[in-house]
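Heads up, data_33.txt below (compact mmCIF, N, CA and C atoms):
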# COMPACT_ATOMS: atom_id res chain seq x y z
N MET S 14 -46.46 -49.05 -13.39
CA MET S 14 -46.18 -47.75 -13.93
C MET S 14 -45.72 -46.77 -12.84
N LYS S 15 -46.36 -46.86 -11.63
CA LYS S 15 -45.98 -45.98 -10.55
C LYS S 15 -44.57 -46.29 -10.08
N ARG S 16 -44.15 -47.53 -10.17
CA ARG S 16 -42.82 -47.92 -9.75
C ARG S 16 -41.76 -47.27 -10.64
N ILE S 17 -42.03 -47.07 -11.87
CA ILE S 17 -41.07 -46.49 -12.80
C ILE S 17 -41.11 -44.96 -12.75
N ALA S 18 -42.25 -44.38 -12.52
CA ALA S 18 -42.41 -42.92 -12.55
C ALA S 18 -41.63 -42.24 -11.43
N TRP S 19 -41.70 -42.77 -10.21
CA TRP S 19 -41.00 -42.14 -9.08
C TRP S 19 -39.49 -42.12 -9.27
N PRO S 20 -38.84 -43.19 -9.66
CA PRO S 20 -37.39 -43.12 -9.89
C PRO S 20 -37.01 -42.16 -11.02
N ILE S 21 -37.85 -42.07 -12.03
CA ILE S 21 -37.57 -41.14 -13.13
C ILE S 21 -37.68 -39.70 -12.63
N VAL S 22 -38.72 -39.37 -11.87
CA VAL S 22 -38.91 -38.01 -11.34
C VAL S 22 -37.77 -37.65 -10.40
N ILE S 23 -37.40 -38.56 -9.53
CA ILE S 23 -36.31 -38.30 -8.58
C ILE S 23 -34.99 -38.14 -9.34
N GLY S 24 -34.76 -38.99 -10.32
CA GLY S 24 -33.53 -38.91 -11.12
C GLY S 24 -33.43 -37.59 -11.87
N LEU S 25 -34.53 -37.13 -12.48
CA LEU S 25 -34.52 -35.85 -13.19
C LEU S 25 -34.32 -34.69 -12.23
N THR S 26 -34.93 -34.76 -11.06
CA THR S 26 -34.76 -33.70 -10.06
C THR S 26 -33.31 -33.60 -9.63
N LEU S 27 -32.68 -34.72 -9.37
CA LEU S 27 -31.26 -34.71 -8.98
C LEU S 27 -30.38 -34.21 -10.13
N LEU S 28 -30.66 -34.61 -11.32
CA LEU S 28 -29.88 -34.19 -12.48
C LEU S 28 -29.98 -32.69 -12.69
N VAL S 29 -31.17 -32.13 -12.62
CA VAL S 29 -31.36 -30.70 -12.79
C VAL S 29 -30.73 -29.94 -11.63
N GLY S 30 -30.90 -30.43 -10.43
CA GLY S 30 -30.32 -29.78 -9.25
C GLY S 30 -28.80 -29.76 -9.30
N CYS S 31 -28.17 -30.81 -9.74
CA CYS S 31 -26.71 -30.87 -9.81
C CYS S 31 -26.17 -29.95 -10.90
N GLN S 32 -26.88 -29.80 -11.97
CA GLN S 32 -26.42 -28.94 -13.05
C GLN S 32 -26.46 -27.47 -12.65
N ASN S 33 -27.38 -27.06 -11.84
CA ASN S 33 -27.52 -25.66 -11.46
C ASN S 33 -26.58 -25.24 -10.34
N THR S 34 -26.03 -26.17 -9.57
CA THR S 34 -25.18 -25.80 -8.44
C THR S 34 -23.75 -25.50 -8.84
N GLU S 35 -23.27 -25.99 -9.96
CA GLU S 35 -21.90 -25.75 -10.38
C GLU S 35 -21.79 -24.38 -11.05
N PRO S 36 -20.88 -23.50 -10.59
CA PRO S 36 -20.73 -22.20 -11.25
C PRO S 36 -20.03 -22.37 -12.60
N LYS S 37 -20.35 -21.49 -13.49
CA LYS S 37 -19.71 -21.52 -14.80
C LYS S 37 -18.26 -21.07 -14.67
N GLU S 38 -17.44 -21.51 -15.60
CA GLU S 38 -16.02 -21.15 -15.56
C GLU S 38 -15.82 -19.66 -15.80
N GLU S 39 -16.71 -19.02 -16.53
CA GLU S 39 -16.60 -17.60 -16.78
C GLU S 39 -16.68 -16.81 -15.47
N THR S 40 -17.51 -17.23 -14.55
CA THR S 40 -17.62 -16.53 -13.29
C THR S 40 -16.49 -16.89 -12.33
N LYS S 41 -15.87 -18.05 -12.50
CA LYS S 41 -14.76 -18.44 -11.63
C LYS S 41 -13.51 -17.61 -11.89
N GLN S 42 -13.18 -17.38 -13.14
CA GLN S 42 -11.91 -16.73 -13.49
C GLN S 42 -11.77 -15.32 -12.93
N PRO S 43 -12.74 -14.43 -13.07
CA PRO S 43 -12.55 -13.09 -12.52
C PRO S 43 -12.36 -13.09 -11.00
N THR S 44 -13.06 -13.95 -10.29
CA THR S 44 -12.90 -13.96 -8.83
C THR S 44 -11.52 -14.46 -8.46
N GLU S 45 -11.00 -15.45 -9.17
CA GLU S 45 -9.65 -15.93 -8.89
C GLU S 45 -8.62 -14.85 -9.19
N GLN S 46 -8.81 -14.12 -10.28
CA GLN S 46 -7.89 -13.05 -10.63
C GLN S 46 -7.95 -11.94 -9.59
N ASN S 47 -9.13 -11.58 -9.12
CA ASN S 47 -9.26 -10.54 -8.10
C ASN S 47 -8.57 -10.95 -6.81
N GLN S 48 -8.69 -12.23 -6.43
CA GLN S 48 -8.03 -12.70 -5.22
C GLN S 48 -6.52 -12.64 -5.37
N GLN S 49 -6.00 -12.99 -6.55
CA GLN S 49 -4.56 -12.94 -6.78
C GLN S 49 -4.08 -11.50 -6.74
N GLU S 50 -4.83 -10.57 -7.36
CA GLU S 50 -4.44 -9.17 -7.35
C GLU S 50 -4.43 -8.61 -5.93
N LYS S 51 -5.43 -8.95 -5.14
CA LYS S 51 -5.49 -8.48 -3.76
C LYS S 51 -4.31 -9.00 -2.96
N SER S 52 -3.96 -10.28 -3.16
CA SER S 52 -2.86 -10.84 -2.38
C SER S 52 -1.53 -10.22 -2.81
N ILE S 53 -1.37 -9.89 -4.07
CA ILE S 53 -0.15 -9.25 -4.53
C ILE S 53 -0.03 -7.86 -3.95
N LYS S 54 -1.10 -7.08 -3.98
CA LYS S 54 -1.08 -5.74 -3.43
C LYS S 54 -0.82 -5.76 -1.93
N THR S 55 -1.40 -6.70 -1.24
CA THR S 55 -1.23 -6.78 0.20
C THR S 55 0.19 -7.18 0.57
N GLU S 56 0.79 -8.08 -0.19
CA GLU S 56 2.15 -8.53 0.11
C GLU S 56 3.15 -7.39 0.00
N THR S 57 3.00 -6.50 -0.97
CA THR S 57 3.96 -5.43 -1.13
C THR S 57 3.93 -4.46 0.03
N ASN S 58 2.75 -4.22 0.60
CA ASN S 58 2.64 -3.26 1.69
C ASN S 58 2.83 -3.87 3.06
N THR S 59 2.67 -5.17 3.22
CA THR S 59 2.77 -5.76 4.54
C THR S 59 4.21 -6.00 4.95
N THR S 60 5.16 -5.97 4.06
CA THR S 60 6.54 -6.17 4.46
C THR S 60 7.07 -4.97 5.22
N PHE S 61 6.58 -3.80 4.95
CA PHE S 61 6.98 -2.60 5.64
C PHE S 61 6.01 -2.37 6.80
N PRO S 62 6.50 -2.10 8.01
CA PRO S 62 5.61 -2.02 9.16
C PRO S 62 4.62 -0.84 9.15
N TYR S 63 4.89 0.18 8.35
CA TYR S 63 4.01 1.36 8.32
C TYR S 63 3.60 1.66 6.88
N PRO S 64 2.66 0.90 6.33
CA PRO S 64 2.28 1.10 4.93
C PRO S 64 1.64 2.46 4.65
N ASN S 65 1.13 3.13 5.68
CA ASN S 65 0.54 4.45 5.46
C ASN S 65 1.60 5.50 5.13
N LEU S 66 2.86 5.22 5.41
CA LEU S 66 3.94 6.16 5.08
C LEU S 66 4.46 5.98 3.66
N LEU S 67 4.16 4.87 3.04
CA LEU S 67 4.68 4.57 1.70
C LEU S 67 4.02 5.44 0.64
N SER S 68 4.74 5.63 -0.45
CA SER S 68 4.22 6.41 -1.57
C SER S 68 3.10 5.65 -2.27
N ASP S 69 2.12 6.37 -2.75
CA ASP S 69 1.01 5.77 -3.47
C ASP S 69 1.36 5.46 -4.92
N SER S 70 2.35 6.16 -5.45
CA SER S 70 2.67 6.06 -6.87
C SER S 70 4.15 5.74 -7.05
N ASP S 71 4.46 5.05 -8.13
CA ASP S 71 5.88 4.79 -8.41
C ASP S 71 6.54 5.99 -9.09
N GLN S 72 5.79 7.03 -9.32
CA GLN S 72 6.31 8.25 -9.93
C GLN S 72 6.66 9.33 -8.91
N SER S 73 6.40 9.07 -7.63
CA SER S 73 6.66 10.08 -6.61
C SER S 73 7.09 9.42 -5.30
N TYR S 74 7.43 10.27 -4.34
CA TYR S 74 7.84 9.82 -3.02
C TYR S 74 6.83 10.28 -1.98
N SER S 75 7.01 9.78 -0.77
CA SER S 75 6.27 10.22 0.39
C SER S 75 7.31 10.66 1.43
N LEU S 76 7.00 11.68 2.23
CA LEU S 76 7.99 12.27 3.13
C LEU S 76 7.43 12.39 4.54
N LEU S 77 8.26 12.01 5.52
CA LEU S 77 7.96 12.22 6.93
C LEU S 77 8.96 13.23 7.47
N VAL S 78 8.46 14.34 7.98
CA VAL S 78 9.30 15.41 8.52
C VAL S 78 9.08 15.45 10.03
N ILE S 79 10.19 15.43 10.78
CA ILE S 79 10.10 15.45 12.23
C ILE S 79 10.85 16.64 12.78
N GLY S 80 10.13 17.50 13.51
CA GLY S 80 10.74 18.57 14.27
C GLY S 80 11.16 19.81 13.53
N ASP S 81 10.93 19.91 12.25
CA ASP S 81 11.32 21.11 11.52
C ASP S 81 10.12 22.05 11.44
N ASN S 82 9.96 22.86 12.48
CA ASN S 82 8.81 23.77 12.54
C ASN S 82 9.12 25.13 11.92
N ASP S 83 10.41 25.42 11.68
CA ASP S 83 10.80 26.73 11.15
C ASP S 83 10.62 26.83 9.63
N ASN S 84 10.87 25.73 8.93
CA ASN S 84 10.80 25.73 7.46
C ASN S 84 9.55 25.00 7.00
N PRO S 85 8.55 25.69 6.49
CA PRO S 85 7.38 24.98 5.96
C PRO S 85 7.77 24.23 4.69
N ILE S 86 7.86 22.94 4.80
CA ILE S 86 8.34 22.10 3.71
C ILE S 86 7.38 22.12 2.52
N GLU S 87 6.11 22.39 2.77
CA GLU S 87 5.12 22.40 1.70
C GLU S 87 5.34 23.54 0.73
N LYS S 88 6.09 24.57 1.13
CA LYS S 88 6.35 25.71 0.25
C LYS S 88 7.61 25.54 -0.58
N ASN S 89 8.36 24.48 -0.34
CA ASN S 89 9.59 24.22 -1.08
C ASN S 89 9.25 23.49 -2.39
N ASN S 90 9.34 24.20 -3.51
CA ASN S 90 8.96 23.64 -4.81
C ASN S 90 9.82 22.46 -5.24
N LYS S 91 11.10 22.46 -4.87
CA LYS S 91 11.98 21.36 -5.25
C LYS S 91 11.52 20.05 -4.61
N ILE S 92 10.94 20.15 -3.44
CA ILE S 92 10.47 18.95 -2.75
C ILE S 92 9.07 18.56 -3.22
N THR S 93 8.17 19.53 -3.32
CA THR S 93 6.79 19.20 -3.68
C THR S 93 6.65 18.69 -5.11
N GLU S 94 7.63 18.95 -5.97
CA GLU S 94 7.59 18.40 -7.33
C GLU S 94 7.73 16.88 -7.31
N LYS S 95 8.54 16.36 -6.40
CA LYS S 95 8.85 14.93 -6.38
C LYS S 95 8.09 14.18 -5.28
N VAL S 96 7.59 14.90 -4.27
CA VAL S 96 6.95 14.27 -3.12
C VAL S 96 5.45 14.48 -3.20
N ASN S 97 4.73 13.39 -3.11
CA ASN S 97 3.28 13.44 -3.21
C ASN S 97 2.62 13.66 -1.85
N ASN S 98 3.05 12.91 -0.83
CA ASN S 98 2.46 13.00 0.50
C ASN S 98 3.51 13.47 1.49
N ILE S 99 3.14 14.43 2.33
CA ILE S 99 4.04 14.95 3.36
C ILE S 99 3.33 14.87 4.70
N LEU S 100 4.00 14.22 5.66
CA LEU S 100 3.49 14.13 7.02
C LEU S 100 4.51 14.80 7.93
N SER S 101 4.07 15.77 8.72
CA SER S 101 4.96 16.49 9.63
C SER S 101 4.56 16.22 11.07
N LEU S 102 5.56 15.87 11.87
CA LEU S 102 5.36 15.69 13.31
C LEU S 102 6.23 16.70 14.03
N PRO S 103 5.68 17.43 15.00
CA PRO S 103 6.42 18.52 15.62
C PRO S 103 7.54 18.09 16.56
N GLU S 104 7.44 16.91 17.16
CA GLU S 104 8.42 16.51 18.16
C GLU S 104 8.98 15.12 17.89
N LEU S 105 10.21 14.92 18.32
CA LEU S 105 10.89 13.64 18.17
C LEU S 105 10.17 12.55 18.96
N GLU S 106 9.71 12.87 20.15
CA GLU S 106 9.05 11.88 21.00
C GLU S 106 7.79 11.33 20.33
N MET S 107 7.04 12.19 19.66
CA MET S 107 5.84 11.74 18.95
C MET S 107 6.18 10.73 17.87
N SER S 108 7.24 11.01 17.12
CA SER S 108 7.63 10.10 16.04
C SER S 108 8.14 8.78 16.60
N GLN S 109 8.86 8.83 17.71
CA GLN S 109 9.37 7.59 18.30
C GLN S 109 8.23 6.73 18.84
N GLN S 110 7.19 7.36 19.36
CA GLN S 110 6.04 6.60 19.84
C GLN S 110 5.20 6.08 18.69
N SER S 111 5.04 6.87 17.65
CA SER S 111 4.21 6.48 16.51
C SER S 111 4.89 5.46 15.61
N TYR S 112 6.20 5.64 15.41
CA TYR S 112 6.94 4.80 14.48
C TYR S 112 8.23 4.28 15.13
N PRO S 113 8.12 3.40 16.13
CA PRO S 113 9.32 2.96 16.86
C PRO S 113 10.30 2.17 15.99
N GLU S 114 9.84 1.50 14.97
CA GLU S 114 10.74 0.67 14.15
C GLU S 114 11.58 1.49 13.17
N LEU S 115 11.31 2.77 13.03
CA LEU S 115 12.12 3.61 12.15
C LEU S 115 13.43 4.05 12.80
N ASN S 116 13.54 3.91 14.11
CA ASN S 116 14.76 4.26 14.86
C ASN S 116 15.19 5.70 14.59
N ILE S 117 14.31 6.63 14.82
CA ILE S 117 14.59 8.05 14.63
C ILE S 117 15.26 8.56 15.90
N GLU S 118 16.46 9.15 15.75
CA GLU S 118 17.22 9.55 16.93
C GLU S 118 17.47 11.05 17.02
N THR S 119 17.41 11.76 15.91
CA THR S 119 17.71 13.19 15.94
C THR S 119 16.54 14.01 15.41
N GLU S 120 16.58 15.26 15.77
CA GLU S 120 15.56 16.20 15.32
C GLU S 120 16.28 17.41 14.76
N PRO S 121 16.00 17.93 13.62
CA PRO S 121 15.00 17.52 12.65
C PRO S 121 15.44 16.26 11.90
N ALA S 122 14.45 15.59 11.36
CA ALA S 122 14.71 14.38 10.57
C ALA S 122 13.79 14.41 9.35
N TYR S 123 14.36 13.96 8.24
CA TYR S 123 13.62 13.88 6.97
C TYR S 123 13.74 12.44 6.50
N ILE S 124 12.61 11.76 6.37
CA ILE S 124 12.61 10.37 5.94
C ILE S 124 11.76 10.28 4.68
N LEU S 125 12.39 9.79 3.61
CA LEU S 125 11.76 9.71 2.30
C LEU S 125 11.42 8.25 2.00
N PHE S 126 10.21 8.02 1.49
CA PHE S 126 9.73 6.67 1.22
C PHE S 126 9.33 6.54 -0.24
N ASP S 127 9.57 5.35 -0.79
CA ASP S 127 8.98 5.00 -2.08
C ASP S 127 7.88 3.98 -1.79
N GLN S 128 7.53 3.14 -2.76
CA GLN S 128 6.45 2.18 -2.54
C GLN S 128 6.89 0.98 -1.72
N ALA S 129 8.19 0.80 -1.51
CA ALA S 129 8.68 -0.37 -0.78
C ALA S 129 9.15 -0.05 0.63
N GLY S 130 9.67 1.15 0.85
CA GLY S 130 10.19 1.47 2.17
C GLY S 130 11.00 2.75 2.16
N VAL S 131 11.91 2.85 3.14
CA VAL S 131 12.74 4.04 3.29
C VAL S 131 13.81 4.06 2.20
N VAL S 132 13.93 5.20 1.50
CA VAL S 132 14.97 5.36 0.50
C VAL S 132 15.99 6.41 0.91
N TYR S 133 15.62 7.28 1.83
CA TYR S 133 16.54 8.31 2.31
C TYR S 133 16.13 8.71 3.72
N GLN S 134 17.14 8.87 4.59
CA GLN S 134 16.90 9.37 5.93
C GLN S 134 18.06 10.29 6.30
N GLY S 135 17.74 11.53 6.64
CA GLY S 135 18.77 12.49 6.97
C GLY S 135 18.24 13.60 7.85
N LYS S 136 19.15 14.50 8.24
CA LYS S 136 18.74 15.60 9.11
C LYS S 136 18.96 16.97 8.50
N ASN S 137 19.33 17.00 7.22
CA ASN S 137 19.63 18.25 6.56
C ASN S 137 18.68 18.42 5.37
N LEU S 138 17.99 19.54 5.32
CA LEU S 138 17.04 19.81 4.24
C LEU S 138 17.75 19.95 2.89
N LYS S 139 18.93 20.53 2.89
CA LYS S 139 19.68 20.71 1.64
C LYS S 139 20.09 19.35 1.07
N GLU S 140 20.48 18.40 1.94
CA GLU S 140 20.83 17.06 1.48
C GLU S 140 19.62 16.35 0.88
N LEU S 141 18.46 16.57 1.48
CA LEU S 141 17.23 15.97 0.96
C LEU S 141 16.92 16.48 -0.44
N THR S 142 17.02 17.79 -0.65
CA THR S 142 16.74 18.34 -1.98
C THR S 142 17.77 17.86 -3.00
N THR S 143 19.03 17.72 -2.57
CA THR S 143 20.05 17.18 -3.47
C THR S 143 19.73 15.74 -3.85
N TYR S 144 19.31 14.93 -2.89
CA TYR S 144 18.93 13.55 -3.16
C TYR S 144 17.78 13.50 -4.15
N LEU S 145 16.78 14.33 -3.95
CA LEU S 145 15.62 14.34 -4.85
C LEU S 145 16.00 14.77 -6.26
N GLU S 146 16.94 15.70 -6.38
CA GLU S 146 17.37 16.15 -7.72
C GLU S 146 18.11 15.02 -8.44
N LYS S 147 18.92 14.28 -7.72
CA LYS S 147 19.72 13.21 -8.34
C LYS S 147 18.90 11.97 -8.63
N ASN S 148 17.89 11.70 -7.83
CA ASN S 148 17.10 10.48 -7.96
C ASN S 148 15.68 10.80 -8.41
N THR S 149 15.56 11.16 -9.66
CA THR S 149 14.23 11.46 -10.21
C THR S 149 13.52 10.17 -10.55
N LYS S 150 12.21 10.23 -10.46
CA LYS S 150 11.40 9.05 -10.80
C LYS S 150 10.70 9.27 -12.11

Representation of the structure as C-alpha cells:
Amino acid sequence: MKRIAWPIVIGLTLLVGCQNTEPKEETKQPTEQNQQEKSIKTETNTTFPYPNLLSDSDQSYSLLVIGDNDNPIEKNNKITEKVNNILSLPELEMSQQSYPELNIETEPAYILFDQAGVVYQGKNLKELTTYLEKNTK
C-alpha cells in the first residue's frame, strides 16, 4: 500500500503544481497588446532625433523659435491658435549646440514640427503665419 501511495501523492502534487504555473490566456492578451502599443509609440518618436520638439497632438504643431527676442511669439494669436508648444532660444549658438542635426544657420529662425518631424523652417515671422493659415490641422 505504501508503494502505491507515494507515487500517487507525488503525481498529484506535480499535476496541481503544473496547472497553477501556466497563466490564463485572458491575462496574456492585455500584456501583449500593451507591449505592441508601447513599441508603436516608441517607433514613431525614435525616428526623429529630438522627440521633445515634436507636437503632442495631431491637431496642432510645436514651434522652436531661435533669436527673435523683439517679438514675443506667445502674444501672436495667429500662431498660438495652431501651435501647442513653443520653445524659444535666445541665441543661434545655443540652438546649434542643443540641436546640431537641425542644421540651423541663421537667426532668427522659426522651425515648426508636427508629430513626425520638421514641416516648416524659415526666418520670417510673416511667412510662418502664412504657412499656418494655409496648412490647418

Would you compute the distance between atom C of Asp127 in chain S and atom N of Glu140 in chain S? Give it in Å to one decimal.
19.5 Å

Excluding Pro121 in chain S and its own-chain neighbours fewer than 3 positions away, which residues fall within 7 Å of it when counting only N, CA and C atoms? Please give them as a PyMOL selection string.
chain S and resi 78-81+135-137

Would you pick out the contacts of Asn82 in chain S at 8 Å or less, using all atoms listed in the file, so that residues sharing its chain but fewer than 6 positions from it are not included, and give the list as a list in words?
Leu102, Pro103, Glu104 and Pro121 of chain S

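Closest approach to Leu145 in chain S among S:Leu115, S:Ala122, S:Leu25, S:Ile92 is made by S:Ile92 (distances from only C-alpha atoms).
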
Using all atoms listed in the file: which of S:Pro62, S:Asp69, S:Lys147, S:Ile99 has the shortest distance to Ile86 in chain S:
S:Ile99

Quick one, how far is CA of Ser73 in chain S from CA of Tyr112 in chain S?
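Rounded to one decimal, the two atoms are 21.7 Å apart.
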
What does the structure give for the distance between CA of Lys139 in chain S and CA of Glu118 in chain S, in Å to one decimal?
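Value for the CA of Lys139 in chain S-CA of Glu118 in chain S distance: 19.1 Å.
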
Name the residues within 12 Å of (8.6, 21.4, -2.0), counting only C-alpha atoms in the file's coordinates, and put them as an mmCIF file with N, CA and C atoms, in the coordinates of the input.
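Below is the file result-v7.cif, written as the result:
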data_model
loop_
_atom_site.group_PDB
_atom_site.id
_atom_site.type_symbol
_atom_site.label_atom_id
_atom_site.label_comp_id
_atom_site.auth_asym_id
_atom_site.auth_seq_id
_atom_site.Cartn_x
_atom_site.Cartn_y
_atom_site.Cartn_z
ATOM 1 N N TYR S 74 7.430 10.270 -4.340
ATOM 2 C CA TYR S 74 7.840 9.820 -3.020
ATOM 3 C C TYR S 74 6.830 10.280 -1.980
ATOM 4 N N SER S 75 7.010 9.780 -0.770
ATOM 5 C CA SER S 75 6.270 10.220 0.390
ATOM 6 C C SER S 75 7.310 10.660 1.430
ATOM 7 N N LEU S 76 7.000 11.680 2.230
ATOM 8 C CA LEU S 76 7.990 12.270 3.130
ATOM 9 C C LEU S 76 7.430 12.390 4.540
ATOM 10 N N ASN S 84 10.870 25.730 8.930
ATOM 11 C CA ASN S 84 10.800 25.730 7.460
ATOM 12 C C ASN S 84 9.550 25.000 7.000
ATOM 13 N N PRO S 85 8.550 25.690 6.490
ATOM 14 C CA PRO S 85 7.380 24.980 5.960
ATOM 15 C C PRO S 85 7.770 24.230 4.690
ATOM 16 N N ILE S 86 7.860 22.940 4.800
ATOM 17 C CA ILE S 86 8.340 22.100 3.710
ATOM 18 C C ILE S 86 7.380 22.120 2.520
ATOM 19 N N GLU S 87 6.110 22.390 2.770
ATOM 20 C CA GLU S 87 5.120 22.400 1.700
ATOM 21 C C GLU S 87 5.340 23.540 0.730
ATOM 22 N N LYS S 88 6.090 24.570 1.130
ATOM 23 C CA LYS S 88 6.350 25.710 0.250
ATOM 24 C C LYS S 88 7.610 25.540 -0.580
ATOM 25 N N ASN S 89 8.360 24.480 -0.340
ATOM 26 C CA ASN S 89 9.590 24.220 -1.080
ATOM 27 C C ASN S 89 9.250 23.490 -2.390
ATOM 28 N N ASN S 90 9.340 24.200 -3.510
ATOM 29 C CA ASN S 90 8.960 23.640 -4.810
ATOM 30 C C ASN S 90 9.820 22.460 -5.240
ATOM 31 N N LYS S 91 11.100 22.460 -4.870
ATOM 32 C CA LYS S 91 11.980 21.360 -5.250
ATOM 33 C C LYS S 91 11.520 20.050 -4.610
ATOM 34 N N ILE S 92 10.940 20.150 -3.440
ATOM 35 C CA ILE S 92 10.470 18.950 -2.750
ATOM 36 C C ILE S 92 9.070 18.560 -3.220
ATOM 37 N N THR S 93 8.170 19.530 -3.320
ATOM 38 C CA THR S 93 6.790 19.200 -3.680
ATOM 39 C C THR S 93 6.650 18.690 -5.110
ATOM 40 N N GLU S 94 7.630 18.950 -5.970
ATOM 41 C CA GLU S 94 7.590 18.400 -7.330
ATOM 42 C C GLU S 94 7.730 16.880 -7.310
ATOM 43 N N LYS S 95 8.540 16.360 -6.400
ATOM 44 C CA LYS S 95 8.850 14.930 -6.380
ATOM 45 C C LYS S 95 8.090 14.180 -5.280
ATOM 46 N N VAL S 96 7.590 14.900 -4.270
ATOM 47 C CA VAL S 96 6.950 14.270 -3.120
ATOM 48 C C VAL S 96 5.450 14.480 -3.200
ATOM 49 N N ASN S 97 4.730 13.390 -3.110
ATOM 50 C CA ASN S 97 3.280 13.440 -3.210
ATOM 51 C C ASN S 97 2.620 13.660 -1.850
ATOM 52 N N ASN S 98 3.050 12.910 -0.830
ATOM 53 C CA ASN S 98 2.460 13.000 0.500
ATOM 54 C C ASN S 98 3.510 13.470 1.490
ATOM 55 N N ILE S 99 3.140 14.430 2.330
ATOM 56 C CA ILE S 99 4.040 14.950 3.360
ATOM 57 C C ILE S 99 3.330 14.870 4.700
ATOM 58 N N LEU S 138 17.990 19.540 5.320
ATOM 59 C CA LEU S 138 17.040 19.810 4.240
ATOM 60 C C LEU S 138 17.750 19.950 2.890
ATOM 61 N N LYS S 139 18.930 20.530 2.890
ATOM 62 C CA LYS S 139 19.680 20.710 1.640
ATOM 63 C C LYS S 139 20.090 19.350 1.070
ATOM 64 N N LEU S 141 18.460 16.570 1.480
ATOM 65 C CA LEU S 141 17.230 15.970 0.960
ATOM 66 C C LEU S 141 16.920 16.480 -0.440
ATOM 67 N N THR S 142 17.020 17.790 -0.650
ATOM 68 C CA THR S 142 16.740 18.340 -1.980
ATOM 69 C C THR S 142 17.770 17.860 -3.000
ATOM 70 N N LEU S 145 16.780 14.330 -3.950
ATOM 71 C CA LEU S 145 15.620 14.340 -4.850
ATOM 72 C C LEU S 145 16.000 14.770 -6.260
ATOM 73 N N GLU S 146 16.940 15.700 -6.380
ATOM 74 C CA GLU S 146 17.370 16.150 -7.720
ATOM 75 C C GLU S 146 18.110 15.020 -8.440
#

Distance query Gln128 in chain S at most 5 Å, only N, CA and C atoms, self and fewer than 2 positions along chain excluded, as an MDAnalysis selection string:
chainID S and resid 68 126 130

Can you list, as a count of residues only, every protein, DNA or RNA residue that comes within 8 Å of Val131 in chain S when you count all atoms listed in the file, leaving out same-chain residues fewer than 6 positions away?
4

Given only C-alpha atoms as the basis, pick out the residue of S:Asp83, S:Ala18, S:Leu77, S:Asp71 nearest to Tyr133 in chain S.
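Of S:Asp83, S:Ala18, S:Leu77, S:Asp71, the one nearest Tyr133 in chain S is S:Leu77, counting only C-alpha atoms.
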
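With only C-alpha atoms as the atoms that count, the minimum distance from Thr119 in chain S to the choices S:Leu27, S:Val22, S:Leu66, S:Leu105 is reached by S:Leu105.
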